[in-house]
Every structure is written in structure tokens, then in C-alpha cells.
Amino acid sequence: MMESSEEDDDFPSIESITPQSKIDSVHQSHTEKGIRKLCCELLDLKDAVENLCGNRRTKYLAFLRMSEEVVEMEHELVELRKHISSQGIIVQDLMTGVCRELEESNQENADTNDTPLDPKVDDVQEEMDDPKKKFLEKIDVLLAEHKVEEALEALEAEEKNFSGDSSTESSSYKSSFLERKAMLEDQLTEIAELPAVSANDLKKALSGLIRLGKGPSAQLLLLKSRGSRLQKNIEVFLPSCSVCPKTFPGALSRLVFSMISLTTRESGLIFGDNPVYTNRVVQWAEWEIEFFVRLVKENAPPSETISALRAASICVQDSLNYCLLLESQGLKLSKLLLVLLHPYLEEVLELNFRRARKAVFDSMEVDENLPLSPHFVSAVSAFATSSNSLLVDSGMKFLYIISDILEQLTPLVVSHFGGNVLPRISQLFDKYMDALIRALPGPSDDDSLTELKETIPFRAETDSEQLAILGIAFTIMDELLPSMVVKIWSPKNENQEPGNENIVPNASTTTELKDWRRQLQYSFDKLRDHFCRQYVLSFIYSIEGKTRLNAQIYLGGDGEDSQWDTLPSLPFQALFAKLQQLATVAGDVLLGKEKLQKILLARLTETVLMWLSDEQDFWGVFEDKSTPLQPLGLQQLILDMHFTVEIARFAGYPSRHVHQIASAITARAIRTFTARDVESALPVDEWFVETAKSAINKLLMGASGSDTSEIDDDHIILHDEIISDSDDTASSLSSVESFESFASASMAELESPSFTDQES
């Protein structure tokens, strides 16, 4: 029964289960209690906030009252000091009156009793009746109250009235006077050295020091104050240099030079035009400029970056403009600034051009969005070939690199440092020409170009590709580079900034530009001459290394060949056809570049004659006494020379130099044949000229007859051989003994067609 009851307690019957309605009412009552409790807490919090706000307001009002009371107390203290001072004056007057009465009484006693005066009374009189003591006490009060202006006026007035008495008493007073004067000087110095001193207070303090005879000290305080203020401005500014690396020198120069201008103007107003003070300002300004240049170097981007070049250019431009403005204040700082900036700008220029030289052929892939002028893009793209576009890309990249550098330069940089920029541009162009030479077939005369061999991703094999290289190089040299440079060196007047009148090209600048263009011409001539040498050598020598143009063709002359007296020799006929073929290709590739076409054809003709003139194996045959010579051989050689001259005249390119070389070869041939006792009755020059012209007409018109056809077929064979041999020309020429003399021939001994000074 007990167990049953326990089970009942653990497991109550179903009748003891609490109804849901009761449960809801219980929970609802708990929720209401919680909400009421939360509302009470919120009301308590509201009361606490209101009390806190009220306390803040009360405390703030109490603070304001206390502040007002402090101000009133300060006024009361000042009044109290004035009252004490007035009471002291009354006491002094009272003591003076008492002493006077005692003196009169003692005097009467002395007169009646003839007794001596009381020494104590005399001491009191001396002490109380001395105005100097009163003056010193007055100065002490003024200094204690920091009334420097009143103290200064009192000292000046006393100094005027001060007698030159050299007695012991006067010396003691003078020492006390100077002591007060030094105290006033210290107070003025403290005011001037306050970090936040206003311009008006500084001026008053410095003026006070000048009135005390401390002018040099006052100026040093002015310079120190302005220097400290500039230093603080710079410290605030420097953290922003990294945000604007290209333009920060302009803002920095504005801070420095505006402070120099302000200080110079203030020094002039306070100290006048005394040379001592002026020189000290100049020295201070020079020191600040040195500090400015050092800051620019320390905070500029790396010197090899284009940002550093722009920053240096802006630094030169803005700082020189400020120097020009300072000249109106008597400060001439331009020369010092240029001397200080010259090494830095030289370093930046040199490192930027080094970077440019490495970048020219680093990557031939050119971004289509390069910010190049459409004129430049179209001028270079005109030489694009279907087989290889890397050549055009290299030209565009070269122009972009130069343009990017030139765009960073400011007018005053060009004016003062342009002479250092132009040679670097010509050196970079020369490096570009060396790279293009490596793209042409055949060995190079310059062993130093070996380092560029692996950097040229394209090779020009066909005539059209080689002419495209020459066309791009010539266009850059003759048109695009001068256009870029002249635009920077000769800006339009409306674009000039104030103070830049001196950037208009003068005689010196014009001379620099002419010399620069000569350097460009010289670099291009290396490329042109290399092309001409290899082209002529591939024509003269066969794949076996044998020369097609040898003396054997002039050893005949027995009359069997009837064409000898009417047509040039076969190699020269082939030369004419070869030049005609090249002229046709050049007309397509170098469209619109007639000047270049004529120059190339003229140089090729000259190169053939130069080879013939310098080839000792050729002349050795004639000079060998065992070799039989015939008069018609000399006649044929002279006809070939006239024929070559007429080719140049017919094509319309410069022929004077060709004529000179041909005349020299003719004269040498006549001397050689005459020395061998070969008598020959040569026709007159007019016959050779007319015969050469007739030969050109026959070759052009394709005259009928077996002989002519045979010559034409032979020419075709020669031409085919030349084309097929082009790949192996370089290797085959190395075994030819005469190549050394030709490749090393001095082009400087012969006048080259000149177009250096022609304006673009």
C-alpha cells in the first residue's frame, strides 16, 4: 500500500493535469509583470538621463561663472597692483616731506646751536629723494607687468637724459640701468621666439630690439622664426609627396620660395636696405634653396622612372619662375639653383635614357592604345608588310619612348638643359639604327653590335622588307623625330608661360638642332651604307665567291664582238637592270619618299664604282706585264664608266659624285694602259656620252636581234643567281680576299649626298 502511494506521487493521475487555459493565464501574467518591470526600468533610466543632462548644464553654467570670476579677479589684481603702486608713491611723498621738515628743523638747530646734522637723517633723505631709484622701480614694475612698449619708451627717455657723469654713484646707476635694459631685451626675444607669435607681435618685438641697438640679433630672430615656420609647413606637406610624385616639387617650391619672398619683404620693411642685413637674407635664402633641392632628391621617385623625369622638370620650371619673380626684390638665385639642380637632372636624364635603350627591343608587342599622334602612326604604318609587322611595331615603340620622354620636359628645362637632351636622343637613335642593321642580311662592320643580335626578332630577306627598314628609319630621322623635338624646343608664343620669353630658339639653340640633325643623319648613313654594301656585294660576287665584275671582260678586243663598241659590258647591263628592278620595288615600298629613293639608287651606283676603284685584284690584272692588253678593252672600260654616269642622270638622282668617281677610274685606266705602251686612238667624250645614252634606250626598249636577246637572257640568269644566293652571301663573302678592302673602305673620303639641313 505504501508502494502504491509512492507510485501515485511519482506518476499523478490524469485528473491532476493542469488545463491549458490555466497555463495560458499564468504565462500571460508573467509576461505582463515583465513588461511592467521593463517600463519601470526605462522610466528610471529616463530620469537618470534627465538628471545627468541637468547636471551637465549646471556644471557648464558653473564653469562659465567661474571663468567670469577668474577674469574679474584678474582685473582686481591689476587694480590692486595699481593701488599698491600709488600707495607706494604716497608713502614716498610722505617720507620725502618728513625728511624735508627734519632737514629744515636740523638746519635751524644748526644755525642756532652750530651743531652738526644728524647723519641718519641724511641717509633717509638720500634714499627717499633719489629719482633714479624711483625710475628703476618703475621699470621693474613695467617689466613685471610685461608692458614692454612703455618700458622701452621710459628707457629711451632716461637714456637721453642720462648724463655722462663717471662718478662711482653714476657707474652704479648705469649698471642697474643696463641690467634693466638686458631684461627688456630678454622679454622681447622671448616674444619673438614664441612658436605661434603673430606677424604684428613679431614685428613689434623686432622693432623694439632695433631701438635697443640689437639690430643683428633682431634679424637673426626674424630668419629663425620664418625658417621654423617653413620647416613646420614642409613637415605637414611631405607625407603627401607619395600621392602626387610628379607634381610635389611644384608645391614644395611654392612653399619655399613664397617664404623666401615674404622674409625678404619683411626684412626690407624692418631693417631697410642696409647691405649687412641684405647679405644675411641672401645667405639664408641660399641655405633654404639647398635644403629644398635636397628634399626634392630625397622624396622624388626612383631616378630611372618617367615620374622622376617629370618631377625634376616641374621642379626646374616652377623654381626658376619663382627665382625670376624674386629678382624684383633684389635676390638673384637662378644660377645657384641651376648649379644645384644640374647633377640631379643629369642623373635622371641619363637613367631614363638607359631605361629607354633597354626598352626599345625588350618586347616587340606594342599596345594598340599607345598615345601616339595619328600622324606618326600613319607615317610608320605606311611601311607595313604582310610578311612581318614587327618592324612597324619596333618603329612605333621607338617613337613612343622618345615621345614619352620629351613630353615630360618643360620649357625652362629645354632652355637650360636641352643641349644635354639632344645628344642622348641621337645616341638612342644610333642604337636603334644598329639594331636595324642587324635585321639586314650580311655581316656588320661593327663588332659591338653583337649584343643586339639576339634582340632582333625579325630579319629582312626580300628587297621590299629591306627597303621598308630604310623607309621607316628615314621617316623617323627626317620627319618624325625633328617634328617631336621642334615642337618641344619651339613652343608657340600663346603657349608660353609668363617669364619664359627666353625659351624662344636663339642662334645657339638653332646650332644645337642642326648639329643634332647631323648626328641623326650620320646614324642613318650607317644603315644606308650597310644596305648598299651588302646589296652591291651580292650583285658582284657569285655563290662560289667569284667576282662577276673582273678585269677579264676588258682583255678582249679582237673585233669579233661587234657589240663592244655600242653596248656596255654585261655586268654593267645587269647593274642597270638590277637598279631598274630595285627602283620599281622602291616605288611601291617607298611611295612618297622620292628623295630617299634617289639617294639609295645614287649610293648604290657610287658603291659599285667605289668597289671598282679600290679593288686591287682588278687593277693588278692590268698592271701585270704578262697580261696582254688591247685598245678596245680601254675603250670598253671608258664606255662602262660613261654608261654608269648616264644611268644616274637618266634616273634623275645626284650624279656629280658618280661622275667624279667614274672620271677617276677612267683616268687611272688610261694611265695604266699608256704605261703598258698600249696605243689607242680614243673617240671624243661626246661619242661615249651618245653611245651610253643609246645603250640605255636599247636596253629599255628591248632592241631586236640575237645579241640583245642573249644579253637580256644573261642578265636574267644573273638576277636569278643573285636572288638565290642571298641567303648564303654572308658566308661566301668571308672567303673573298677583296671583300676586306671594300667593306673597310672609308666613306668619309667621298662626298655623300647631303640632305641634313633640309627642314622637315
# chains A, B, ... in the order shown; residues from 1 in each chain; ligands from 1
call {"tool": "select_by_dssp", "arguments": {"residues": "region 511-660 of chain A", "states": "alpha helix (DSSP H)", "output": "PyMOL selection string"}}
result
chain A and resi 511-540+570-589+594-614+616-623+631-651+656-660
call {"tool": "residues_around", "arguments": {"residues": "region 694-703 of chain A", "least_positions_apart": "4", "cutoff": "9 Å", "atoms": "only C-alpha atoms", "output": "list in words"}}
result
Thr566, Leu567, Pro568, Gln573, Phe576, Ala577, Phe643, Glu646, Ile647, Phe650, Val689, Glu690, Thr708, Ser709 and Asp712 of chain A
call {"tool": "write_last_selection", "arguments": {"atoms": "N, CA and C atoms", "output": "PDB file, in the first residue's frame"}}
result
ATOM      1  N   THR A 566      79.257  49.473-128.961  1.00  0.00           N
ATOM      2  CA  THR A 566      77.947  50.114-128.896  1.00  0.00           C
ATOM      3  C   THR A 566      77.206  49.846-127.592  1.00  0.00           C
ATOM      4  N   LEU A 567      77.563  48.805-126.886  1.00  0.00           N
ATOM      5  CA  LEU A 567      76.880  48.467-125.636  1.00  0.00           C
ATOM      6  C   LEU A 567      77.898  48.315-124.513  1.00  0.00           C
ATOM      7  N   PRO A 568      77.488  48.632-123.288  1.00  0.00           N
ATOM      8  CA  PRO A 568      78.386  48.406-122.155  1.00  0.00           C
ATOM      9  C   PRO A 568      78.576  46.910-121.932  1.00  0.00           C
ATOM     10  N   GLN A 573      75.368  46.035-117.826  1.00  0.00           N
ATOM     11  CA  GLN A 573      73.983  45.897-118.273  1.00  0.00           C
ATOM     12  C   GLN A 573      73.135  45.262-117.163  1.00  0.00           C
ATOM     13  N   PHE A 576      72.383  47.827-114.563  1.00  0.00           N
ATOM     14  CA  PHE A 576      71.283  48.711-114.966  1.00  0.00           C
ATOM     15  C   PHE A 576      69.939  48.026-114.713  1.00  0.00           C
ATOM     16  N   ALA A 577      69.844  46.734-115.100  1.00  0.00           N
ATOM     17  CA  ALA A 577      68.589  46.014-114.879  1.00  0.00           C
ATOM     18  C   ALA A 577      68.294  45.861-113.390  1.00  0.00           C
ATOM     19  N   PHE A 643      78.528  54.976-119.209  1.00  0.00           N
ATOM     20  CA  PHE A 643      77.216  54.349-119.077  1.00  0.00           C
ATOM     21  C   PHE A 643      76.699  54.471-117.639  1.00  0.00           C
ATOM     22  N   GLU A 646      75.538  57.977-117.026  1.00  0.00           N
ATOM     23  CA  GLU A 646      74.273  58.257-117.703  1.00  0.00           C
ATOM     24  C   GLU A 646      73.104  57.558-117.000  1.00  0.00           C
ATOM     25  N   ILE A 647      73.372  56.414-116.354  1.00  0.00           N
ATOM     26  CA  ILE A 647      72.309  55.778-115.558  1.00  0.00           C
ATOM     27  C   ILE A 647      71.834  56.735-114.471  1.00  0.00           C
ATOM     28  N   PHE A 650      69.959  59.604-116.089  1.00  0.00           N
ATOM     29  CA  PHE A 650      68.675  59.151-116.598  1.00  0.00           C
ATOM     30  C   PHE A 650      67.664  58.963-115.464  1.00  0.00           C
ATOM     31  N   VAL A 689      79.346  59.576-124.587  1.00  0.00           N
ATOM     32  CA  VAL A 689      78.076  60.000-123.984  1.00  0.00           C
ATOM     33  C   VAL A 689      76.906  59.557-124.832  1.00  0.00           C
ATOM     34  N   GLU A 690      76.995  59.801-126.119  1.00  0.00           N
ATOM     35  CA  GLU A 690      75.894  59.428-127.001  1.00  0.00           C
ATOM     36  C   GLU A 690      75.730  57.912-127.068  1.00  0.00           C
ATOM     37  N   THR A 708      71.114  41.174-128.529  1.00  0.00           N
ATOM     38  CA  THR A 708      70.392  41.827-127.449  1.00  0.00           C
ATOM     39  C   THR A 708      69.643  40.798-126.613  1.00  0.00           C
ATOM     40  N   SER A 709      69.007  39.856-127.298  1.00  0.00           N
ATOM     41  CA  SER A 709      68.269  38.841-126.562  1.00  0.00           C
ATOM     42  C   SER A 709      69.205  38.023-125.698  1.00  0.00           C
ATOM     43  N   ASP A 712      70.025  39.960-122.676  1.00  0.00           N
ATOM     44  CA  ASP A 712      68.902  40.010-121.737  1.00  0.00           C
ATOM     45  C   ASP A 712      68.768  38.684-120.990  1.00  0.00           C
TER      46      ASP A 712
END
call {"tool": "atom_distance", "arguments": {"atom1": "CA of Glu544 (chain A)", "atom2": "CA of Leu637 (chain A)"}}
result
25.1 Å
call {"tool": "atom_distance", "arguments": {"atom1": "CA of His30 (chain A)", "atom2": "CA of Leu42 (chain A)"}}
result
18.4 Å
call {"tool": "residues_around", "arguments": {"residues": "Pro239 (chain A)", "least_positions_apart": "4", "cutoff": "12 Å", "atoms": "only C-alpha atoms", "output": "PDB file with N, CA and C atoms, in the first residue's frame"}}
result
ATOM      1  N   ASN A 233      55.653  73.864 -42.062  1.00  0.00           N
ATOM      2  CA  ASN A 233      54.822  73.699 -43.265  1.00  0.00           C
ATOM      3  C   ASN A 233      55.305  72.527 -44.116  1.00  0.00           C
ATOM      4  N   ILE A 234      56.620  72.392 -44.221  1.00  0.00           N
ATOM      5  CA  ILE A 234      57.180  71.297 -45.021  1.00  0.00           C
ATOM      6  C   ILE A 234      56.877  69.955 -44.358  1.00  0.00           C
ATOM      7  N   GLU A 235      56.994  69.887 -43.030  1.00  0.00           N
ATOM      8  CA  GLU A 235      56.707  68.634 -42.329  1.00  0.00           C
ATOM      9  C   GLU A 235      55.259  68.212 -42.519  1.00  0.00           C
ATOM     10  N   VAL A 243      51.639  60.679 -52.814  1.00  0.00           N
ATOM     11  CA  VAL A 243      50.347  60.699 -53.503  1.00  0.00           C
ATOM     12  C   VAL A 243      50.487  61.334 -54.876  1.00  0.00           C
ATOM     13  N   CYS A 244      51.286  62.389 -54.970  1.00  0.00           N
ATOM     14  CA  CYS A 244      51.497  63.097 -56.239  1.00  0.00           C
ATOM     15  C   CYS A 244      52.993  63.163 -56.528  1.00  0.00           C
ATOM     16  N   PRO A 245      53.601  62.045 -56.937  1.00  0.00           N
ATOM     17  CA  PRO A 245      55.062  62.031 -57.092  1.00  0.00           C
ATOM     18  C   PRO A 245      55.572  62.942 -58.194  1.00  0.00           C
ATOM     19  N   PHE A 248      54.742  67.026 -56.817  1.00  0.00           N
ATOM     20  CA  PHE A 248      55.045  67.539 -55.484  1.00  0.00           C
ATOM     21  C   PHE A 248      56.163  68.593 -55.488  1.00  0.00           C
ATOM     22  N   LEU A 252      56.120  72.075 -53.325  1.00  0.00           N
ATOM     23  CA  LEU A 252      57.210  72.308 -52.377  1.00  0.00           C
ATOM     24  C   LEU A 252      57.965  73.594 -52.704  1.00  0.00           C
ATOM     25  N   ASN A 299      62.763  62.818 -51.742  1.00  0.00           N
ATOM     26  CA  ASN A 299      61.363  62.415 -51.809  1.00  0.00           C
ATOM     27  C   ASN A 299      60.880  62.148 -53.231  1.00  0.00           C
TER      28      ASN A 299
END
call {"tool": "residues_around", "arguments": {"residues": "region 191-204 of chain A", "least_positions_apart": "3", "cutoff": "8 Å", "atoms": "only C-alpha atoms", "output": "number ranges by chain"}}
result
A: 187-188, 207-208, 221-222, 225, 270
